[in-house]
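Shown here: model-v9.pdb, PDB, C-alpha atoms.
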```pdb
ATOM      1  CA  MET T   1      30.966 -57.437 -25.333
ATOM      2  CA  ARG T   2      32.132 -61.020 -24.828
ATOM      3  CA  LEU T   3      31.300 -62.699 -21.547
ATOM      4  CA  LEU T   4      32.474 -66.069 -20.292
ATOM      5  CA  LEU T   5      30.311 -68.119 -17.931
ATOM      6  CA  LEU T   6      32.032 -70.912 -16.025
ATOM      7  CA  ASN T   7      30.268 -73.497 -13.895
ATOM      8  CA  GLY T   8      32.299 -75.746 -11.645
ATOM      9  CA  PRO T   9      31.924 -79.212 -10.138
ATOM     10  CA  ASN T  10      28.503 -80.842  -9.842
ATOM     11  CA  LEU T  11      26.687 -78.007 -11.600
ATOM     12  CA  GLY T  12      26.168 -80.228 -14.625
ATOM     13  CA  ARG T  13      23.542 -81.990 -12.508
ATOM     14  CA  LEU T  14      21.642 -78.792 -11.754
ATOM     15  CA  GLY T  15      17.910 -79.505 -11.673
ATOM     16  CA  GLN T  16      18.562 -83.097 -10.563
ATOM     17  CA  ARG T  17      20.936 -82.794  -7.609
ATOM     18  CA  ARG T  18      19.275 -81.526  -4.425
ATOM     19  CA  PRO T  19      16.361 -79.736  -6.131
ATOM     20  CA  ASP T  20      15.152 -78.688  -2.672
ATOM     21  CA  LEU T  21      18.285 -76.559  -2.374
ATOM     22  CA  TYR T  22      19.292 -75.742  -5.959
ATOM     23  CA  GLY T  23      15.934 -75.824  -7.771
ATOM     24  CA  ARG T  24      14.616 -77.840 -10.696
ATOM     25  CA  VAL T  25      15.966 -75.758 -13.586
ATOM     26  CA  SER T  26      18.705 -77.569 -15.526
ATOM     27  CA  LEU T  27      22.070 -76.043 -16.333
ATOM     28  CA  ILE T  28      21.161 -76.112 -20.031
ATOM     29  CA  GLU T  29      18.093 -73.990 -19.259
ATOM     30  CA  VAL T  30      20.095 -71.598 -17.078
ATOM     31  CA  VAL T  31      22.691 -71.106 -19.824
ATOM     32  CA  GLU T  32      19.998 -70.522 -22.466
ATOM     33  CA  ARG T  33      18.301 -67.921 -20.247
ATOM     34  CA  ALA T  34      21.648 -66.295 -19.472
ATOM     35  CA  ARG T  35      22.547 -66.111 -23.179
ATOM     36  CA  THR T  36      19.184 -64.536 -23.980
ATOM     37  CA  HIS T  37      19.608 -62.017 -21.165
ATOM     38  CA  ALA T  38      23.157 -61.123 -22.243
ATOM     39  CA  ALA T  39      22.087 -60.786 -25.888
ATOM     40  CA  ALA T  40      19.313 -58.376 -24.889
ATOM     41  CA  ARG T  41      22.081 -56.168 -23.508
ATOM     42  CA  GLY T  42      24.258 -56.556 -26.611
ATOM     43  CA  ALA T  43      26.666 -59.150 -25.244
ATOM     44  CA  THR T  44      27.608 -62.682 -26.242
ATOM     45  CA  LEU T  45      28.038 -65.450 -23.698
ATOM     46  CA  ALA T  46      30.379 -68.421 -24.003
ATOM     47  CA  HIS T  47      29.955 -71.240 -21.473
ATOM     48  CA  LEU T  48      31.907 -74.097 -19.960
ATOM     49  CA  GLN T  49      30.947 -76.468 -17.162
ATOM     50  CA  SER T  50      33.643 -78.731 -15.823
ATOM     51  CA  ASN T  51      34.186 -80.904 -12.799
ATOM     52  CA  HIS T  52      37.925 -80.333 -13.257
ATOM     53  CA  GLU T  53      39.682 -77.340 -11.749
ATOM     54  CA  GLY T  54      42.398 -77.317 -14.415
ATOM     55  CA  ALA T  55      39.868 -77.143 -17.260
ATOM     56  CA  LEU T  56      38.310 -74.042 -15.695
ATOM     57  CA  ILE T  57      41.720 -72.442 -15.237
ATOM     58  CA  ASP T  58      42.748 -73.288 -18.813
ATOM     59  CA  ARG T  59      39.557 -71.656 -20.082
ATOM     60  CA  ILE T  60      40.194 -68.495 -18.063
ATOM     61  CA  GLU T  61      43.751 -68.350 -19.403
ATOM     62  CA  ALA T  62      42.427 -68.214 -22.987
ATOM     63  CA  LEU T  63      41.614 -64.549 -22.214
ATOM     64  CA  ASP T  64      39.091 -64.310 -25.074
ATOM     65  CA  PHE T  65      36.469 -62.460 -23.044
ATOM     66  CA  GLU T  66      35.951 -59.031 -21.507
ATOM     67  CA  GLY T  67      34.143 -60.192 -18.376
ATOM     68  CA  LEU T  68      33.840 -63.407 -16.381
ATOM     69  CA  LEU T  69      30.879 -64.938 -14.579
ATOM     70  CA  ILE T  70      31.675 -67.931 -12.411
ATOM     71  CA  ASN T  71      29.756 -70.333 -10.246
ATOM     72  CA  PRO T  72      32.753 -72.207  -8.898
ATOM     73  CA  GLY T  73      30.714 -74.641  -6.822
ATOM     74  CA  ALA T  74      32.792 -76.071  -3.989
ATOM     75  CA  LEU T  75      35.980 -74.780  -5.654
ATOM     76  CA  GLY T  76      35.001 -71.314  -4.484
ATOM     77  CA  HIS T  77      35.689 -72.473  -0.936
ATOM     78  CA  THR T  78      38.855 -74.464  -1.596
ATOM     79  CA  SER T  79      40.754 -73.432  -4.731
ATOM     80  CA  TYR T  80      43.565 -70.926  -4.419
ATOM     81  CA  ALA T  81      44.602 -71.914  -7.955
ATOM     82  CA  LEU T  82      41.243 -70.796  -9.357
ATOM     83  CA  ARG T  83      41.449 -67.594  -7.323
ATOM     84  CA  ASP T  84      44.920 -66.875  -8.721
ATOM     85  CA  ALA T  85      43.768 -67.543 -12.306
ATOM     86  CA  ILE T  86      40.915 -65.051 -11.950
ATOM     87  CA  GLU T  87      43.256 -62.465 -10.487
ATOM     88  CA  ALA T  88      45.848 -63.010 -13.235
ATOM     89  CA  ALA T  89      43.222 -62.652 -15.981
ATOM     90  CA  GLU T  90      42.801 -58.978 -15.062
ATOM     91  CA  ARG T  91      39.187 -59.019 -16.234
ATOM     92  CA  PRO T  92      36.194 -58.069 -14.103
ATOM     93  CA  ALA T  93      34.529 -61.149 -12.656
ATOM     94  CA  VAL T  94      31.329 -61.866 -10.722
ATOM     95  CA  GLU T  95      30.942 -64.917  -8.487
ATOM     96  CA  ILE T  96      27.596 -66.727  -8.357
ATOM     97  CA  HIS T  97      26.228 -69.178  -5.801
ATOM     98  CA  ILE T  98      22.676 -70.486  -6.254
ATOM     99  CA  SER T  99      22.152 -71.276  -2.566
ATOM    100  CA  ASN T 100      22.955 -68.953   0.302
ATOM    101  CA  VAL T 101      26.347 -70.393   1.190
ATOM    102  CA  LEU T 102      26.676 -67.841   3.990
ATOM    103  CA  GLU T 103      23.898 -69.618   5.880
ATOM    104  CA  ARG T 104      25.062 -73.165   5.245
ATOM    105  CA  GLU T 105      27.953 -75.240   6.602
ATOM    106  CA  VAL T 106      30.808 -73.300   8.165
ATOM    107  CA  TRP T 107      33.294 -74.375   5.477
ATOM    108  CA  ARG T 108      31.021 -72.944   2.745
ATOM    109  CA  ARG T 109      31.249 -69.493   4.334
ATOM    110  CA  VAL T 110      34.880 -69.248   3.214
ATOM    111  CA  LEU T 111      34.780 -67.504  -0.171
ATOM    112  CA  LEU T 112      38.281 -67.499  -1.605
ATOM    113  CA  LEU T 113      37.327 -65.510  -4.695
ATOM    114  CA  GLU T 114      35.793 -62.535  -2.890
ATOM    115  CA  ASP T 115      38.877 -60.332  -3.110
ATOM    116  CA  VAL T 116      39.389 -60.915  -6.859
ATOM    117  CA  VAL T 117      35.796 -60.426  -8.054
ATOM    118  CA  ILE T 118      33.885 -57.176  -8.465
ATOM    119  CA  GLY T 119      30.756 -58.676  -6.953
ATOM    120  CA  GLN T 120      29.007 -61.753  -5.663
ATOM    121  CA  VAL T 121      25.447 -62.897  -6.257
ATOM    122  CA  ILE T 122      24.580 -65.351  -3.509
ATOM    123  CA  GLY T 123      21.380 -67.189  -2.663
ATOM    124  CA  ARG T 124      19.137 -65.918  -5.445
ATOM    125  CA  GLY T 125      18.603 -69.270  -7.169
ATOM    126  CA  TRP T 126      19.094 -69.549 -10.930
ATOM    127  CA  PRO T 127      17.920 -65.925 -11.513
ATOM    128  CA  GLY T 128      21.139 -64.916  -9.765
ATOM    129  CA  TYR T 129      22.904 -65.659 -13.046
ATOM    130  CA  LEU T 130      20.883 -62.891 -14.718
ATOM    131  CA  ASP T 131      21.621 -60.516 -11.836
ATOM    132  CA  ALA T 132      25.328 -61.320 -12.179
ATOM    133  CA  ILE T 133      25.225 -60.531 -15.907
ATOM    134  CA  ASP T 134      23.720 -57.145 -15.092
ATOM    135  CA  VAL T 135      26.375 -56.409 -12.446
ATOM    136  CA  LEU T 136      29.153 -57.348 -14.862
ATOM    137  CA  LEU T 137      27.778 -55.496 -17.881
ATOM    138  CA  ASP T 138      27.043 -52.386 -15.811
ATOM    139  CA  ARG T 139      30.705 -52.352 -14.758
ATOM    140  CA  LEU T 140      32.006 -52.998 -18.272
ATOM    141  CA  GLU T 141      29.756 -50.344 -19.800
ATOM    142  CA  ALA T 142      30.818 -47.808 -17.172
ATOM    143  CA  GLY T 143      34.411 -48.310 -18.286
TER     144      GLY T 143
END
```
Mind converting the file's structure to structure tokens?
Amino acid sequence: MRLLLLNGPNLGRLGQRRPDLYGRVSLIEVVERARTHAAARGATLAHLQSNHEGALIDRIEALDFEGLLINPGALGHTSYALRDAIEAAERPAVEIHISNVLEREVWRRVLLLEDVVIGQVIGRGWPGYLDAIDVLLDRLEAG
């Protein structure tokens, strides 16, 4: 099973940017832990982090994966183009947010991807990535 993990704007600074809110674990560490977790369930995990919406959309359009995991960062609240790319991919996807965006600023409560993903993991810190892998693989394994 091939999974794709995408991380959007500012997530490259995970562990450094607002550690009080997002924690002290770096994105490199999160990806390593996610790959290990996916491998334990028999899956491979490709990864891309980009601050550019188009790069994320281009990667989705490659369609070389069975399931998508995405922490879109602020794009999850603003990008109809990203939403449309996920919908057009016709692959199950799970949205991840490290902080609880539903309890933050009003504009963060708008989740444009919610109707094109099979699930959302919100506010669980970096371990939410592992939870999202489990949600996605459970769906893919169920057929």
>> As an exercise, work out the distance from CA of Leu68 (chain T) to CA of Val110 (chain T) in Å and give it to one decimal place.
In response: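 Distance reported for this atom pair: 20.5 Å.
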Pick out the residues sitting within 12 Å of Asp58 (chain T), and hand them over as a PDB file with C-alpha atoms, in the frame of the given file; count all atoms listed in the file, and ignore anything fewer than 6 positions along from it in its own chain.
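Saved result, part.pdb, follows:
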```pdb
ATOM      1  CA  LEU T   6      32.032 -70.912 -16.025  1.00  0.00           C
ATOM      2  CA  LEU T  48      31.907 -74.097 -19.960  1.00  0.00           C
ATOM      3  CA  SER T  50      33.643 -78.731 -15.823  1.00  0.00           C
ATOM      4  CA  HIS T  52      37.925 -80.333 -13.257  1.00  0.00           C
ATOM      5  CA  ASP T  64      39.091 -64.310 -25.074  1.00  0.00           C
ATOM      6  CA  ALA T  81      44.602 -71.914  -7.955  1.00  0.00           C
ATOM      7  CA  LEU T  82      41.243 -70.796  -9.357  1.00  0.00           C
ATOM      8  CA  ALA T  85      43.768 -67.543 -12.306  1.00  0.00           C
ATOM      9  CA  ILE T  86      40.915 -65.051 -11.950  1.00  0.00           C
ATOM     10  CA  ALA T  89      43.222 -62.652 -15.981  1.00  0.00           C
TER      11      ALA T  89
END
```
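Counting all atoms listed in the file, the residue from T:Ala38, T:Leu21, T:Leu112, T:Ile60 that sits nearest to Glu90 (chain T) is T:Ile60.
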> Hey, what comes out of the PyMOL selection byres ((chain T and resi 47) around 10) on this file? Could you write it as an MDAnalysis selection string?
Replying inline: chainID T and resid 3:7 31 34:35 45:46 48:49 59 69:70
> Between T:Pro9, T:Pro92, T:Gly67, T:Gly23, which one has atoms that come closest to Glu53 (chain T), using all atoms listed in the file?
Replying inline: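 Looking at the shortest contact to Glu53 (chain T), the residue is T:Pro9.
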> Using the chain letters and numbers from the file, which residues does the PyMOL selection byres ((chain T and resi 80) around 12) grab, as a ChimeraX atom specification?
Replying inline: /T:53-54,57,72,74-79,81-87,110-116
Expected answer as a PDB file with C-alpha atoms, in the frame of the given file: all residues with atoms within 8 Å of (28.7, -54.1, -21.2), only C-alpha atoms:
```pdb
ATOM      1  CA  MET T   1      30.966 -57.437 -25.333  1.00  0.00           C
ATOM      2  CA  ARG T  41      22.081 -56.168 -23.508  1.00  0.00           C
ATOM      3  CA  GLY T  42      24.258 -56.556 -26.611  1.00  0.00           C
ATOM      4  CA  ALA T  43      26.666 -59.150 -25.244  1.00  0.00           C
ATOM      5  CA  LEU T 136      29.153 -57.348 -14.862  1.00  0.00           C
ATOM      6  CA  LEU T 137      27.778 -55.496 -17.881  1.00  0.00           C
ATOM      7  CA  ASP T 138      27.043 -52.386 -15.811  1.00  0.00           C
ATOM      8  CA  ARG T 139      30.705 -52.352 -14.758  1.00  0.00           C
ATOM      9  CA  LEU T 140      32.006 -52.998 -18.272  1.00  0.00           C
ATOM     10  CA  GLU T 141      29.756 -50.344 -19.800  1.00  0.00           C
ATOM     11  CA  ALA T 142      30.818 -47.808 -17.172  1.00  0.00           C
TER      12      ALA T 142
END
```
Starting from 8 Å padding per side, set up an axis-aligned box that covers all listed atoms of region 104-110 of chain T and hand over centre and edge lengths in Å, one decimal, as JSON.
```
{"center_x": 30.0, "center_y": -72.2, "center_z": 5.5, "size_x": 25.8, "size_y": 22.0, "size_z": 21.4}
```
> Between CA of Ala62 (chain T) and CA of Val101 (chain T), what is the spacing in Å?
Replying inline: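 Atom-to-atom, CA of Val101 (chain T) to CA of Ala62 (chain T), that is 29.1 Å.
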> Using all atoms listed in the file, which residue out of T:Asn51, T:Val106, T:Tyr22, T:Gly143 lies closest to Ile122 (chain T)?
Replying inline: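 Among the listed residues, the smallest separation from Ile122 (chain T) belongs to T:Tyr22.
Checking T:Tyr129, T:Gly119, T:Glu61, T:Leu27 one by one against Ala88 (chain T), counting only C-alpha atoms, you find the shortest gap at T:Glu61.
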>> Under the rule that only C-alpha atoms are counted, which of T:Leu11, T:Glu66, T:Glu32, T:Pro19 is the nearest residue to Ile96 (chain T)?
In response: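 Result for the nearest residue to Ile96 (chain T): T:Leu11.
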>> I'd like the interatomic distance between CA of Asp20 (chain T) and CA of His97 (chain T), to a tenth of an Å.
In response: 14.9 Å
>> Is it possible to get the residues within 6 Å of (20.8, -69.4, -4.2) (coordinates as in the file, counting only C-alpha atoms) written as a PyMOL selection string?
In response: chain T and resi 97-100+122-125
> With all atoms listed in the file as the atoms that count, which of T:Leu63, T:Ile28, T:Leu56, T:Val135 lies nearest to Gln120 (chain T)?
Replying inline: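 Residue with the minimum atom-to-atom distance to Gln120 (chain T): T:Val135.
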